[in-house]
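Visitor: Sending over entry.txt (compact mmCIF, C-alpha atoms).
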```txt
# COMPACT_ATOMS: atom_id res chain seq x y z
CA MET A 1 93.75 25.21 145.04
CA THR A 2 93.48 26.43 141.49
CA THR A 3 90.32 27.07 139.57
CA PRO A 4 89.68 25.31 136.28
CA VAL A 5 90.89 27.20 133.26
CA PRO A 6 87.98 27.65 130.87
CA ALA A 7 88.44 26.69 127.29
CA ALA A 8 89.40 29.64 125.17
CA ARG A 9 86.98 30.58 122.45
CA GLY A 10 87.55 32.26 119.16
CA ARG A 11 84.89 32.61 116.47
CA GLY A 12 82.72 30.13 118.32
CA LEU A 13 85.40 27.43 118.41
CA THR A 14 86.89 26.00 121.59
CA LEU A 15 90.64 25.87 122.00
CA THR A 16 90.55 22.12 121.47
CA GLN A 17 88.74 22.54 118.16
CA GLN A 18 91.20 25.24 117.10
CA ILE A 19 94.13 22.93 117.91
CA PHE A 20 92.64 20.11 115.84
CA ILE A 21 92.03 22.52 112.95
CA GLY A 22 95.61 23.79 113.22
CA LEU A 23 96.82 20.20 113.27
CA ALA A 24 94.84 19.31 110.15
CA ILE A 25 96.01 22.40 108.25
CA GLY A 26 99.60 21.72 109.31
CA ILE A 27 99.43 18.12 108.08
CA VAL A 28 98.06 19.18 104.70
CA ALA A 29 100.61 22.01 104.37
CA GLY A 30 103.45 19.71 105.38
CA TRP A 31 102.36 17.02 102.94
CA ILE A 32 102.21 19.53 100.08
CA VAL A 33 105.65 20.87 100.95
CA SER A 34 107.14 17.36 101.30
CA THR A 35 105.95 16.41 97.82
CA THR A 36 106.89 19.67 96.12
CA HIS A 37 109.60 21.69 97.87
CA PRO A 38 110.91 19.94 101.03
CA GLU A 39 113.40 22.76 101.61
CA TRP A 40 110.47 25.09 102.33
CA ALA A 41 109.73 23.17 105.54
CA GLN A 42 112.27 25.33 107.41
CA TYR A 43 109.96 28.35 107.13
CA PHE A 44 107.46 26.71 109.49
CA ARG A 45 110.01 26.29 112.27
CA PRO A 46 110.15 29.85 113.73
CA PHE A 47 106.40 29.79 114.41
CA SER A 48 106.67 26.55 116.39
CA GLN A 49 109.80 27.81 118.19
CA LEU A 50 107.89 30.91 119.33
CA PHE A 51 105.35 28.72 121.08
CA LEU A 52 108.12 26.74 122.79
CA ARG A 53 109.74 29.92 124.06
CA MET A 54 106.45 31.08 125.57
CA ILE A 55 106.02 27.71 127.31
CA LYS A 56 109.59 27.89 128.65
CA MET A 57 109.11 31.31 130.20
CA ILE A 58 106.31 29.92 132.39
CA ILE A 59 108.20 26.99 133.93
CA ALA A 60 110.18 28.49 136.82
CA PRO A 61 107.55 30.83 138.33
CA LEU A 62 104.79 28.27 137.91
CA ILE A 63 106.65 25.46 139.67
CA PHE A 64 107.87 27.69 142.50
CA ALA A 65 104.49 29.33 143.16
CA THR A 66 102.38 26.17 142.96
CA LEU A 67 104.66 24.12 145.20
CA VAL A 68 105.00 26.82 147.86
CA ALA A 69 101.29 27.64 147.82
CA GLY A 70 100.35 23.97 147.82
CA ILE A 71 102.63 22.93 150.69
CA ALA A 72 102.71 25.99 152.94
CA GLY A 73 99.36 27.52 152.01
CA ALA A 74 97.27 24.43 152.61
CA GLY A 75 99.13 23.59 155.81
CA HIS A 76 100.43 20.26 154.52
CA VAL A 77 103.65 20.60 156.52
CA LYS A 78 101.77 21.14 159.77
CA VAL A 79 99.53 18.14 159.30
CA VAL A 80 101.72 15.35 160.65
CA GLY A 81 98.95 13.33 162.19
CA ARG A 82 98.19 9.75 161.37
CA MET A 83 95.78 10.46 158.54
CA GLY A 84 98.06 12.95 156.83
CA LEU A 85 101.05 10.62 157.07
CA ARG A 86 99.09 7.69 155.72
CA ALA A 87 97.75 9.76 152.85
CA ILE A 88 101.19 11.02 151.81
CA ILE A 89 102.69 7.52 151.98
CA TYR A 90 99.84 6.14 149.88
CA PHE A 91 100.14 8.94 147.32
CA GLU A 92 103.86 8.56 146.86
CA ILE A 93 103.71 4.76 146.50
CA VAL A 94 100.91 4.83 143.92
CA THR A 95 102.32 7.72 141.86
CA THR A 96 105.74 6.06 141.78
CA ILE A 97 104.14 2.83 140.54
CA ALA A 98 102.28 4.88 137.90
CA LEU A 99 105.57 6.42 136.74
CA GLY A 100 107.09 2.96 136.55
CA ILE A 101 104.18 1.67 134.45
CA GLY A 102 104.64 4.62 132.09
CA LEU A 103 108.35 3.90 131.71
CA ALA A 104 107.70 0.19 131.16
CA ALA A 105 105.00 0.85 128.56
CA VAL A 106 107.06 3.29 126.51
CA ASN A 107 110.14 1.04 126.60
CA ILE A 108 108.12 -2.00 125.52
CA MET A 109 105.93 -0.33 122.86
CA ARG A 110 108.63 2.16 121.73
CA PRO A 111 106.23 4.59 119.99
CA GLY A 112 108.94 7.21 119.38
CA VAL A 113 111.28 4.99 117.39
CA GLY A 114 111.25 6.06 113.77
CA VAL A 115 110.03 9.63 114.28
CA ASN A 116 113.53 11.10 113.89
CA LEU A 117 112.76 14.66 114.95
CA PRO A 118 114.57 16.73 112.31
CA MET A 119 114.44 19.93 114.36
CA GLY A 120 116.13 18.17 117.24
CA GLN A 121 119.22 17.21 115.19
CA ALA A 122 119.15 13.84 116.91
CA SER A 123 122.66 12.79 115.98
CA GLU A 124 124.17 15.66 118.00
CA ILE A 125 122.05 15.20 121.13
CA THR A 126 123.66 13.38 124.00
CA ALA A 127 122.45 12.60 127.48
CA LYS A 128 125.68 12.77 129.47
CA PRO A 129 126.09 10.12 132.16
CA GLN A 130 126.66 11.36 135.71
CA THR A 131 128.30 9.68 138.67
CA TRP A 132 126.29 9.22 141.86
CA ASP A 133 128.04 12.09 143.62
CA GLN A 134 127.39 14.45 140.70
CA ILE A 135 123.71 13.54 140.76
CA LEU A 136 123.57 14.08 144.53
CA LEU A 137 125.32 17.44 144.41
CA HIS A 138 123.26 18.61 141.45
CA ILE A 139 120.05 18.23 143.45
CA VAL A 140 120.84 21.28 145.60
CA PRO A 141 121.24 24.57 143.69
CA GLU A 142 124.20 26.85 144.35
CA SER A 143 121.96 29.73 143.27
CA VAL A 144 118.19 29.51 142.94
CA ILE A 145 118.29 32.47 140.55
CA ARG A 146 120.67 30.56 138.30
CA ALA A 147 118.50 27.44 138.55
CA MET A 148 115.45 29.43 137.47
CA ALA A 149 117.35 31.17 134.68
CA GLU A 150 118.56 27.83 133.33
CA GLY A 151 115.22 26.11 133.88
CA ASP A 152 116.67 23.39 136.11
CA VAL A 153 113.40 21.91 137.33
CA LEU A 154 114.77 19.60 140.02
CA GLN A 155 116.77 22.38 141.69
CA ILE A 156 113.74 24.70 141.58
CA VAL A 157 111.65 22.00 143.25
CA VAL A 158 114.21 21.39 146.00
CA PHE A 159 114.47 25.09 146.82
CA SER A 160 110.66 25.47 146.71
CA ILE A 161 110.20 22.62 149.20
CA PHE A 162 112.74 24.08 151.64
CA PHE A 163 111.16 27.51 151.23
CA ALA A 164 107.64 26.16 151.81
CA ILE A 165 108.68 24.23 154.93
CA ALA A 166 110.39 27.30 156.39
CA LEU A 167 107.36 29.41 155.51
CA GLY A 168 105.09 27.01 157.36
CA MET A 169 107.35 27.07 160.42
CA ILE A 170 107.12 30.84 160.93
CA GLY A 171 103.32 30.69 161.14
CA GLU A 172 101.21 33.80 160.63
CA LYS A 173 104.22 35.97 159.80
CA GLY A 174 104.58 34.01 156.58
CA ARG A 175 100.94 34.32 155.58
CA PRO A 176 101.49 37.35 153.29
CA VAL A 177 104.16 35.42 151.40
CA VAL A 178 101.85 32.42 151.06
CA GLU A 179 99.09 34.67 149.73
CA TRP A 180 101.58 36.23 147.32
CA CYS A 181 102.58 32.77 146.05
CA GLU A 182 98.92 31.82 145.66
CA ALA A 183 98.37 35.00 143.63
CA VAL A 184 101.46 34.27 141.51
CA ALA A 185 100.26 30.70 140.93
CA GLU A 186 96.84 31.92 139.81
CA THR A 187 98.51 34.50 137.57
CA MET A 188 100.82 31.95 135.98
CA PHE A 189 97.90 29.65 135.24
CA LYS A 190 96.25 32.61 133.51
CA VAL A 191 99.48 33.22 131.59
CA THR A 192 99.42 29.56 130.57
CA ASN A 193 95.87 30.05 129.33
CA ILE A 194 96.93 33.13 127.32
CA VAL A 195 99.88 31.29 125.80
CA MET A 196 97.57 28.42 124.82
CA HIS A 197 95.72 30.82 122.50
CA TYR A 198 98.78 30.58 120.24
CA ALA A 199 98.80 26.78 120.46
CA PRO A 200 96.85 26.15 117.21
CA ILE A 201 99.48 28.09 115.24
CA GLY A 202 102.37 26.50 117.12
CA VAL A 203 100.96 23.00 116.66
CA GLY A 204 100.16 23.58 112.99
CA ALA A 205 103.65 24.94 112.30
CA ALA A 206 105.34 22.09 114.19
CA ILE A 207 103.43 19.31 112.45
CA ALA A 208 103.86 21.06 109.08
CA TYR A 209 107.62 21.23 109.63
CA THR A 210 107.78 17.60 110.74
CA VAL A 211 105.63 16.22 107.91
CA GLY A 212 107.28 18.52 105.38
CA HIS A 213 110.70 17.21 106.38
CA GLY A 214 109.91 13.56 107.03
CA GLY A 215 106.69 12.77 105.17
CA LEU A 216 103.36 11.41 106.42
CA GLY A 217 104.92 8.32 107.99
CA VAL A 218 105.60 10.22 111.23
CA LEU A 219 101.84 10.38 111.97
CA TRP A 220 101.76 6.64 112.63
CA ASN A 221 103.98 7.18 115.65
CA LEU A 222 101.57 9.72 117.16
CA ALA A 223 98.68 7.26 116.89
CA TRP A 224 100.89 4.60 118.46
CA LEU A 225 101.75 7.02 121.29
CA VAL A 226 98.04 7.54 122.11
CA THR A 227 97.46 3.78 122.02
CA THR A 228 100.44 3.21 124.32
CA LEU A 229 99.10 5.71 126.87
CA TYR A 230 95.59 4.24 126.92
CA LEU A 231 96.95 0.72 127.36
CA ALA A 232 99.21 1.92 130.19
CA LEU A 233 96.30 3.67 131.95
CA ILE A 234 94.15 0.54 131.62
CA ALA A 235 97.01 -1.46 133.14
CA LEU A 236 97.22 1.07 136.00
CA ILE A 237 93.50 0.69 136.75
CA LEU A 238 93.43 -3.10 136.47
CA PHE A 239 96.73 -3.96 138.15
CA VAL A 240 97.06 -1.17 140.72
CA PHE A 241 93.70 0.47 141.48
CA LEU A 242 91.68 -2.76 141.46
CA PRO A 243 94.02 -4.75 143.76
CA ILE A 244 94.17 -1.78 146.19
CA ALA A 245 90.36 -1.59 146.23
CA ILE A 246 90.12 -5.32 146.88
CA MET A 247 92.82 -5.19 149.56
CA PHE A 248 90.97 -2.47 151.48
CA ARG A 249 87.57 -4.03 150.79
CA VAL A 250 86.18 -1.05 148.92
CA PRO A 251 82.62 -1.80 147.68
CA LEU A 252 83.44 -1.86 143.98
CA ARG A 253 79.93 -1.61 142.51
CA LYS A 254 78.91 1.26 144.76
CA PHE A 255 82.23 2.98 144.23
CA ALA A 256 81.85 2.74 140.45
CA MET A 257 78.31 4.11 140.69
CA ALA A 258 79.51 7.04 142.80
CA VAL A 259 82.54 8.10 140.77
CA LYS A 260 81.16 7.66 137.26
CA GLU A 261 79.81 11.21 137.03
CA PRO A 262 82.96 12.97 138.32
CA ALA A 263 84.97 10.75 135.97
CA VAL A 264 82.86 11.74 132.96
CA ILE A 265 83.13 15.42 133.92
CA ALA A 266 86.92 15.10 134.13
CA PHE A 267 87.06 13.22 130.81
CA SER A 268 84.96 15.78 128.95
CA THR A 269 86.49 18.95 130.44
CA THR A 270 90.09 17.68 130.83
CA SER A 271 90.11 19.40 134.23
CA SER A 272 90.29 17.56 137.54
CA GLU A 273 89.15 20.72 139.30
CA ALA A 274 85.89 20.75 137.36
CA ALA A 275 85.03 17.37 138.88
CA LEU A 276 86.12 18.23 142.45
CA PRO A 277 82.82 19.57 143.90
CA ARG A 278 80.82 16.64 142.56
CA ALA A 279 83.46 14.14 143.66
CA MET A 280 83.38 15.48 147.24
CA GLU A 281 79.60 15.22 147.28
CA VAL A 282 79.35 11.65 145.96
CA LEU A 283 82.13 10.35 148.23
CA GLU A 284 80.31 11.71 151.26
CA ARG A 285 77.13 10.01 150.02
CA LEU A 286 79.11 6.80 149.63
CA GLY A 287 80.04 6.82 153.32
CA VAL A 288 83.29 8.77 153.69
CA PRO A 289 83.13 11.30 156.57
CA ARG A 290 83.19 14.93 155.44
CA ARG A 291 86.36 15.75 157.37
CA ILE A 292 88.24 12.99 155.53
CA VAL A 293 86.82 13.97 152.14
CA SER A 294 87.69 17.64 152.64
CA PHE A 295 91.25 16.76 153.68
CA VAL A 296 92.31 13.80 151.52
CA LEU A 297 90.69 14.70 148.20
CA PRO A 298 92.20 18.21 147.85
CA LEU A 299 95.51 16.88 149.17
CA GLY A 300 95.40 14.22 146.47
CA TYR A 301 94.84 16.88 143.83
CA SER A 302 98.34 18.14 144.60
CA PHE A 303 100.14 14.90 145.44
CA ASN A 304 98.29 12.04 143.74
CA LEU A 305 98.15 12.65 139.98
CA ASP A 306 98.41 9.04 138.87
CA GLY A 307 97.32 9.54 135.26
CA SER A 308 99.42 12.66 134.74
CA THR A 309 102.58 11.19 136.27
CA LEU A 310 102.25 8.07 134.11
CA TYR A 311 101.82 10.29 131.05
CA LEU A 312 104.86 12.42 131.92
CA SER A 313 107.25 9.48 132.15
CA LEU A 314 105.84 8.00 128.96
CA ALA A 315 105.98 11.28 127.01
CA ALA A 316 109.51 12.16 128.14
CA VAL A 317 110.95 8.85 126.96
CA PHE A 318 108.87 9.10 123.76
CA VAL A 319 110.66 12.37 122.94
CA SER A 320 114.06 10.82 123.69
CA GLN A 321 113.20 7.92 121.36
CA ALA A 322 112.00 10.35 118.69
CA ALA A 323 115.25 12.31 118.97
CA GLY A 324 117.39 9.18 118.83
CA VAL A 325 118.69 9.63 122.38
CA GLN A 326 119.35 6.47 124.36
CA LEU A 327 118.66 7.08 128.06
CA THR A 328 120.30 4.61 130.42
CA VAL A 329 118.32 2.83 133.12
CA GLY A 330 119.92 5.11 135.71
CA GLN A 331 118.95 8.22 133.79
CA GLN A 332 115.38 6.99 133.45
CA VAL A 333 115.19 6.26 137.18
CA THR A 334 116.53 9.75 137.93
CA MET A 335 113.95 11.17 135.54
CA LEU A 336 111.27 9.17 137.35
CA LEU A 337 112.29 10.70 140.69
CA THR A 338 112.39 14.18 139.14
CA LEU A 339 108.91 13.79 137.67
CA MET A 340 107.60 12.42 140.97
CA LEU A 341 108.48 15.78 142.54
CA THR A 342 107.72 18.16 139.69
CA SER A 343 104.26 16.75 138.99
CA LYS A 344 102.99 17.98 142.36
CA GLY A 345 100.81 21.04 142.63
CA VAL A 346 99.57 21.57 139.06
CA ALA A 347 96.37 19.52 139.17
CA GLY A 348 93.20 20.63 137.47
CA VAL A 349 94.71 22.87 134.80
CA PRO A 350 94.40 21.54 131.25
CA ARG A 351 97.80 20.95 129.64
CA ALA A 352 99.72 22.18 132.70
CA SER A 353 101.63 18.89 132.54
CA LEU A 354 103.14 20.10 129.26
CA VAL A 355 104.95 22.80 131.23
CA ILE A 356 106.42 20.18 133.58
CA LEU A 357 107.33 18.01 130.59
CA ALA A 358 109.11 20.96 128.96
CA GLY A 359 111.20 21.55 132.06
CA THR A 360 112.12 17.88 132.34
CA LEU A 361 113.14 17.62 128.69
CA ALA A 362 115.28 20.74 129.01
CA SER A 363 117.00 19.27 132.07
CA TYR A 364 118.05 16.22 130.05
CA GLY A 365 119.06 18.06 126.88
CA LEU A 366 116.12 16.64 124.92
CA PRO A 367 114.47 18.65 122.11
CA LEU A 368 111.46 20.70 123.20
CA GLU A 369 110.12 20.42 119.65
CA GLY A 370 108.78 17.03 120.69
CA ILE A 371 106.21 18.82 122.86
CA THR A 372 104.60 20.57 119.92
CA LEU A 373 104.41 17.22 118.16
CA ILE A 374 102.71 15.65 121.19
CA LEU A 375 100.38 18.63 121.61
CA GLY A 376 98.60 17.72 118.38
CA VAL A 377 97.18 14.62 120.07
CA ASP A 378 97.47 15.86 123.65
CA GLU A 379 93.73 16.45 123.98
CA LEU A 380 93.02 12.75 123.36
CA MET A 381 95.58 11.80 126.00
CA ASP A 382 94.57 14.57 128.42
CA MET A 383 90.98 13.30 128.65
CA ALA A 384 92.08 9.83 129.71
CA ARG A 385 94.80 10.88 132.15
CA THR A 386 92.57 13.49 133.82
CA MET A 387 89.81 10.93 134.31
CA THR A 388 92.39 8.55 135.79
CA ASN A 389 93.54 11.31 138.18
CA VAL A 390 89.98 11.76 139.48
CA ILE A 391 89.31 8.03 139.85
CA GLY A 392 92.64 7.58 141.63
CA ASN A 393 91.93 10.39 144.10
CA CYS A 394 88.41 9.16 144.81
CA LEU A 395 89.81 5.69 145.49
CA ALA A 396 92.53 7.15 147.73
CA THR A 397 89.91 9.00 149.78
CA VAL A 398 87.88 5.84 150.35
CA VAL A 399 91.06 3.86 151.14
CA ILE A 400 92.18 6.37 153.79
CA ALA A 401 88.68 6.32 155.31
CA LYS A 402 88.78 2.50 155.44
CA TRP A 403 92.33 2.60 156.82
CA GLU A 404 91.17 4.98 159.55
CA GLY A 405 88.21 2.70 160.30
CA GLU A 406 85.73 5.52 159.67
CA PHE A 407 84.08 4.41 156.43
CA VAL A 408 80.35 3.85 156.93
CA GLU A 409 79.12 2.18 153.76
CA ALA A 410 75.88 3.59 152.38
CA SER A 411 73.10 1.08 151.77
CA ASP A 412 71.79 0.27 148.31
CA GLN A 413 68.53 2.00 149.22
CA GLU A 414 70.30 5.20 150.27
CA LEU A 415 72.29 5.24 147.05
CA ALA A 416 69.16 4.58 144.99
CA VAL A 417 67.35 7.47 146.65
CA ALA A 418 70.35 9.74 146.10
CA ALA A 419 70.50 8.67 142.45
CA ALA A 420 66.81 9.36 141.97
CA ARG A 421 67.32 12.87 143.37
CA GLY A 422 70.26 13.46 141.06
CA GLU A 423 72.66 13.59 144.01
CA ILE A 424 74.87 10.78 142.83
```
Take the structure in this file and express it as structure tokens.
Guide:
Amino acid sequence: MTTPVPAARGRGLTLTQQIFIGLAIGIVAGWIVSTTHPEWAQYFRPFSQLFLRMIKMIIAPLIFATLVAGIAGAGHVKVVGRMGLRAIIYFEIVTTIALGIGLAAVNIMRPGVGVNLPMGQASEITAKPQTWDQILLHIVPESVIRAMAEGDVLQIVVFSIFFAIALGMIGEKGRPVVEWCEAVAETMFKVTNIVMHYAPIGVGAAIAYTVGHGGLGVLWNLAWLVTTLYLALIALILFVFLPIAIMFRVPLRKFAMAVKEPAVIAFSTTSSEAALPRAMEVLERLGVPRRIVSFVLPLGYSFNLDGSTLYLSLAAVFVSQAAGVQLTVGQQVTMLLTLMLTSKGVAGVPRASLVILAGTLASYGLPLEGITLILGVDELMDMARTMTNVIGNCLATVVIAKWEGEFVEASDQELAVAAARGEI
């Protein structure tokens, strides 16, 4: 389990504020260049490329360490009991539906059409079709070193899962390796935090290059992207979370009262981890036994990132649209399955999903420059998807408790007393 990465500060400004300032300066600089000397826009590109290279260097060790530590370290492989099996099945069904909603939203709203990423040289980018046997064989790496060197996310994930399962099977002998992976995971999250200090410059340079080359019209697409995500998350809550809650007879009013504070914490900090202690407390007050809360909620933080998975599918197709790349239905389904695996294990770290997105884009030959474009408005999207992650995991915990027949609903009086004491 990772700890929340605190917002970096410089001259009294949070990282988020620095990114917005960099974005604003980049827009102004790009507009000036576009109206005076458009050919000067190329001088912004190296500074955005530097940020992309730093993001790329994180991908392989981060995915490997988080997956191995998350699966073997927390004993997920060993837990094959009824509750663990039910939880995993629930998580995979809901996250797959979330990915599907993201794909549907971005294909219907098409926010990337018209961006025409100049740095991506869209006319030369092709997503090569693969036969079913090529796809199947490509899943398993011939060399994990080569997969990591080339940034092939799916192959890294497959090897990491096999490695984690084997590590769990050898018991205590594998504990030092698990601890090493946990240390590597923590270190890579710190590296991510260090790299994010450069984000304001990278974002400013990327938006300046884009606006300088294509004019201010590209900004409309970013606003449309944020709108698309929020509408998709609302659809996820109304058409997935709500029916599940009704199906399992979750007390909606009491549930809303209990999770509102963890949700606000997640929204304001953009970190699921920051809301975890409070979420565990309020769910126990609501009537979920402690042993279920302590098992399902942390498990969900690795395997049930509904908001983040929806965002990943939406953002990946947005970049393909912006680059002028037409992904077939089969390619989008394969991307969905890839994201379903790669999104595991990086919960609670602000912007960690950008690393997963970078790996996915690289796997499909899509321009990584799209990430720096998205990063300018990523904070607005991160708040909503992180809050959705927390709500989804709180709901999953209550659902598993109801499924197990161990949910003891707290009375209105008990909840009122807890609220008066500031405990809920």
Visitor: Out of A:Leu67, A:Ser34, A:Ala223, A:Leu252, which residue has the shortest atom-to-atom distance to Glu182 in chain A when counting all atoms listed in the file?
Guide: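 Using all atoms listed in the file, the shortest distance to Glu182 in chain A belongs to A:Leu67.
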Visitor: Excluding same-chain residues fewer than 6 positions from Glu142 in chain A, what lies within 12 Å of it counting all atoms listed in the file, as JSON, numbers by chain?
Guide: {"A": [148, 152, 155, 156, 158, 159]}
Visitor: Find the residue from A:Ile161, A:Val355, A:Val259, A:Ile244 that sits nearest to Phe189 in chain A; use only C-alpha atoms when measuring.
Guide: A:Val355
Visitor: Point out the residue among A:Glu179, A:Glu273, A:Glu186, A:Glu284 with the least atom-to-atom distance to Thr397 in chain A, counting only C-alpha atoms.
Guide: A:Glu284
Visitor: Taking only residues of range 190-262 of chain A that have an atom at most 10 Å from an atom of range 357-371 of chain A, what is each one's shortest atom pair and its distance in Å to one decimal, using all atoms listed in the file, in chain and number order, as a Markdown table?
Guide:
```
| residue | atom | partner | partner_atom | distance |
| --- | --- | --- | --- | --- |
| A:Val203 | CA | A:Ile371 | CA | 9.1 |
| A:Ala206 | CA | A:Glu369 | CA | 7.4 |
| A:Ile207 | CA | A:Glu369 | CA | 9.9 |
| A:Thr210 | CA | A:Glu369 | CA | 9.6 |
```
Visitor: Enumerate, as a ChimeraX atom specification, the protein, DNA and RNA residues whose atoms approach (89.7, 15.3, 122.2) to within 9 Å, taking into account only C-alpha atoms and the coordinate frame of the file.
Guide: /A:16-17,20,268,270,377-383
Visitor: What does the structure give for the distance between CA of Ala256 in chain A and CA of Val226 in chain A, in Å to one decimal?
Guide: 24.9 Å
Visitor: Residues within 12 Å of Ile237 in chain A, please, as an mmCIF file with C-alpha atoms, in the coordinates of the input. Count all atoms listed in the file; anything in the same chain fewer than 4 positions from it doesn't count.
Guide:
```cif
data_model
loop_
_atom_site.group_PDB
_atom_site.id
_atom_site.type_symbol
_atom_site.label_atom_id
_atom_site.label_comp_id
_atom_site.auth_asym_id
_atom_site.auth_seq_id
_atom_site.Cartn_x
_atom_site.Cartn_y
_atom_site.Cartn_z
ATOM 1 C CA VAL A 94 100.910 4.830 143.920
ATOM 2 C CA ILE A 97 104.140 2.830 140.540
ATOM 3 C CA ALA A 98 102.280 4.880 137.900
ATOM 4 C CA ILE A 101 104.180 1.670 134.450
ATOM 5 C CA TYR A 230 95.590 4.240 126.920
ATOM 6 C CA LEU A 231 96.950 0.720 127.360
ATOM 7 C CA ALA A 232 99.210 1.920 130.190
ATOM 8 C CA LEU A 233 96.300 3.670 131.950
ATOM 9 C CA PHE A 241 93.700 0.470 141.480
ATOM 10 C CA LEU A 242 91.680 -2.760 141.460
ATOM 11 C CA PRO A 243 94.020 -4.750 143.760
ATOM 12 C CA ILE A 244 94.170 -1.780 146.190
ATOM 13 C CA ALA A 245 90.360 -1.590 146.230
ATOM 14 C CA ASP A 306 98.410 9.040 138.870
ATOM 15 C CA GLY A 307 97.320 9.540 135.260
ATOM 16 C CA LEU A 310 102.250 8.070 134.110
ATOM 17 C CA ALA A 384 92.080 9.830 129.710
ATOM 18 C CA ARG A 385 94.800 10.880 132.150
ATOM 19 C CA MET A 387 89.810 10.930 134.310
ATOM 20 C CA THR A 388 92.390 8.550 135.790
ATOM 21 C CA ASN A 389 93.540 11.310 138.180
ATOM 22 C CA VAL A 390 89.980 11.760 139.480
ATOM 23 C CA ILE A 391 89.310 8.030 139.850
ATOM 24 C CA GLY A 392 92.640 7.580 141.630
ATOM 25 C CA LEU A 395 89.810 5.690 145.490
#
```
Visitor: How far is it from CA of Gly168 in chain A to CA of Thr187 in chain A, in Å with one decimal?
Guide: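 Taking CA of Gly168 in chain A as the start and CA of Thr187 in chain A as the end point, the length is 22.2 Å.
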Visitor: Do a neighbour search on Gly112 in chain A at 12 Å with all atoms listed in the file, toss out local chain neighbours closer than 4 positions, and write the hits as a VMD selection string.
Guide: chain A and resid 105 to 108 116 to 117 218 to 226 228 314 to 326 370 373 to 374
Visitor: Compare A:Gly12, A:Gly102, A:Pro38, A:Pro61 by their minimum atom-to-atom distance to Leu312 in chain A, counting all atoms listed in the file, and give me the closest one.
Guide: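 The shortest atom-to-atom distance to Leu312 in chain A comes from A:Gly102.
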Visitor: Since fewer atoms than expected are present, regenerate N, CA and C atoms for range 37-49 of chain A and write them as a JSON list (two decimals), in the frame of the given file.
Guide:
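File result.json, as written:
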```
[["chain", "number", "residue", "atom", "x", "y", "z"],
["A", 37, "HIS", "N", 108.37, 20.99, 97.53],
["A", 37, "HIS", "CA", 109.60, 21.69, 97.87],
["A", 37, "HIS", "C", 109.96, 21.41, 99.34],
["A", 38, "PRO", "N", 110.58, 20.28, 99.63],
["A", 38, "PRO", "CA", 110.91, 19.94, 101.03],
["A", 38, "PRO", "C", 111.76, 21.00, 101.74],
["A", 39, "GLU", "N", 112.55, 21.73, 100.98],
["A", 39, "GLU", "CA", 113.40, 22.76, 101.61],
["A", 39, "GLU", "C", 112.58, 23.90, 102.20],
["A", 40, "TRP", "N", 111.33, 24.04, 101.79],
["A", 40, "TRP", "CA", 110.47, 25.09, 102.33],
["A", 40, "TRP", "C", 110.03, 24.80, 103.76],
["A", 41, "ALA", "N", 110.19, 23.56, 104.20],
["A", 41, "ALA", "CA", 109.73, 23.17, 105.54],
["A", 41, "ALA", "C", 110.36, 24.03, 106.63],
["A", 42, "GLN", "N", 111.57, 24.53, 106.39],
["A", 42, "GLN", "CA", 112.27, 25.33, 107.41],
["A", 42, "GLN", "C", 111.52, 26.61, 107.77],
["A", 43, "TYR", "N", 110.67, 27.10, 106.86],
["A", 43, "TYR", "CA", 109.96, 28.35, 107.13],
["A", 43, "TYR", "C", 108.85, 28.18, 108.17],
["A", 44, "PHE", "N", 108.46, 26.95, 108.45],
["A", 44, "PHE", "CA", 107.46, 26.71, 109.49],
["A", 44, "PHE", "C", 108.07, 26.77, 110.89],
["A", 45, "ARG", "N", 109.38, 26.50, 110.97],
["A", 45, "ARG", "CA", 110.01, 26.29, 112.27],
["A", 45, "ARG", "C", 109.93, 27.48, 113.22],
["A", 46, "PRO", "N", 110.19, 28.72, 112.77],
["A", 46, "PRO", "CA", 110.15, 29.85, 113.73],
["A", 46, "PRO", "C", 108.82, 29.99, 114.45],
["A", 47, "PHE", "N", 107.72, 29.63, 113.79],
["A", 47, "PHE", "CA", 106.40, 29.79, 114.41],
["A", 47, "PHE", "C", 106.17, 28.73, 115.50],
["A", 48, "SER", "N", 106.75, 27.56, 115.33],
["A", 48, "SER", "CA", 106.67, 26.55, 116.39],
["A", 48, "SER", "C", 107.64, 26.88, 117.52],
["A", 49, "GLN", "N", 108.81, 27.43, 117.18],
["A", 49, "GLN", "CA", 109.80, 27.81, 118.19],
["A", 49, "GLN", "C", 109.26, 28.92, 119.10]]
```
